[in-house]
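Asks: Dumping the structure here so I can ask a few things about it.
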Amino acid sequence: MEQYEIIKNQLKDLRLETIANLCITKAEECRQQGKDYIDYLAELIYEQTQVNRDKSLNYRLKKAKFPNWKTIDMFDFRYNKSIDQKLISSLARLDFIEDRKNIILIGPPGVGKTHLAIAIGIKACEKQISTLFLTAQELREQLIQAQVSQRLQQFMGKICRTPLLIIDELGYLPLSSEDANFFFQLISNRYEKQSTIITTNKPFDEWGDVFKDQVIAAAILDRLLHHCELIKITGESYRMKDKQLNQNKEEKEK
Ligand code: ADP
Ligand code: MG
């Protein structure tokens, strides 16, 4: 028993907490089942890797700051025929990140742009790719805060280096010319180095108004679109689906 205690402490020093906790009961279990040493070792290592994987996924998900949990499996492709399911599935395999490509999801409110952006982001976290999700407005607020606290370079460095950056709701609120400059720097820095996913309700010919500058808007779009998967979504808001169902039900009941 004393030997077990020594082993347990050594395993904890090695940060193999799960193996430390399981090694005694597993040893007994394997003995009873007549398994050999290699099986015992394999089972312990398997349990430890599972725990490590879960921990690392939880850490990445926390850091990504997704506003809610939306997965590809939760998405009903039958509802919206304008979305190419094969394309989304292929993007969810994340080759676009290796190819340093961007994704722009464009369309009216409620059609699933944010849902799909989060779902791809979750896939990236599962593959240990650091991801950051924020709305254009949050990006703007964080930029102002960084400026005030004189951490602008640090903030910019962090946001430029993030392997997958998701900027949600670009175009919902107008940006200042300072924001536009920052945005241009951000996109230029990430160009052909990291992937960015953008969701927007604004067609490209209105980006000049969003950034209050046609030249900057064109320069941003030029870089974003050079290696980019453009997903145009049309159709009704999914939020209306339940309303329609309820209405139909009420009409039938009349
Ligand atoms: P958008 O960002 O385009 O405005 P969201 O992604 O926020 O829209 O979608 C609005 C709500 O409807 C969310 O709760 C989302 O999960 C859901 N939703 C949208 N489209 C679908 C769909 N095709 N299948 C399942 N849920 C959907
Ligand atoms: Mg949205």
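Here, A, B, ... name the chains of the structure tokens in the order displayed, residue numbers run from 1 inside each chain, and ligands are numbered from 1 in the same displayed order.
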Taking only C-alpha atoms and all ligand atoms and a cut-off of 10 Å, can you tell me which residues surround ligand 2, written as an NGL selection string?
Replies: :A and (105-118 or 135 or 168-170 or 172 or 199-201)
Asks: Here is a test: counting only C-alpha atoms, which residue of A:Leu134, A:Ile45, A:Glu126, A:Asn80 is nearest to Pro67 (chain A)?
Replies: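 Looking only at the distances to Pro67 (chain A), the closest residue turns out to be A:Leu134.
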Asks: Rounded to one decimal place, report the CA of Cys23 (chain A)-CA of Asp54 (chain A) distance in Å.
Replies: 19.9 Å
Asks: Can you work out the spacing between CA of Ile187 (chain A) and CA of Lys212 (chain A) in Å, to one decimal?
Replies: 16.9 Å
Asks: Pick out the closest residue to Asp95 (chain A) from this set: A:Lys65, A:Lys127, A:Lys70, A:Lys81. Count only C-alpha atoms.
Replies: A:Lys127
Asks: Could you list, with a cut-off of 7 Å and counting only C-alpha atoms, the residues of region 104-176 of chain A near region 208-211 of chain A, each shown with its nearest atom pair and the distance in Å rounded to one decimal, rows sorted by chain and ascending number, as CSV?
Replies:
residue,atom,partner,partner_atom,distance
A:Gly171,CA,A:Val210,CA,5.6
A:Pro174,CA,A:Val210,CA,5.0
A:Leu175,CA,A:Phe211,CA,5.5
A:Ser176,CA,A:Phe211,CA,6.8
Asks: May I have the residues within 12 Å of Tyr40 (chain A) as a VMD selection string, using only C-alpha atoms and disregarding those fewer than 2 positions away in the same chain?
Replies: chain A and resid 19 22 to 38 42 to 47
Asks: From a DSSP pass on the backbone, collect the residues of region 141-181 of chain A flagged as helix (DSSP H, G or I) and hand them back as an NGL selection string.
Replies: :A and (141-148 or 152-161 or 177-181)
Asks: Smallest atom-to-atom distance to ligand 1: which of A:Leu139, A:Cys125, A:Ala180, A:Ile167, using only C-alpha atoms and all ligand atoms?
Replies: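 Ranked by minimum distance to ligand 1, first place goes to A:Ile167.
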Asks: Could you check which of A:Glu138, A:Glu192, A:Asp76, A:Asp13 is closest to Arg100 (chain A), using only C-alpha atoms?
Replies: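 Going through A:Glu138, A:Glu192, A:Asp76, A:Asp13 one by one, the smallest distance to Arg100 (chain A) is for A:Glu192.
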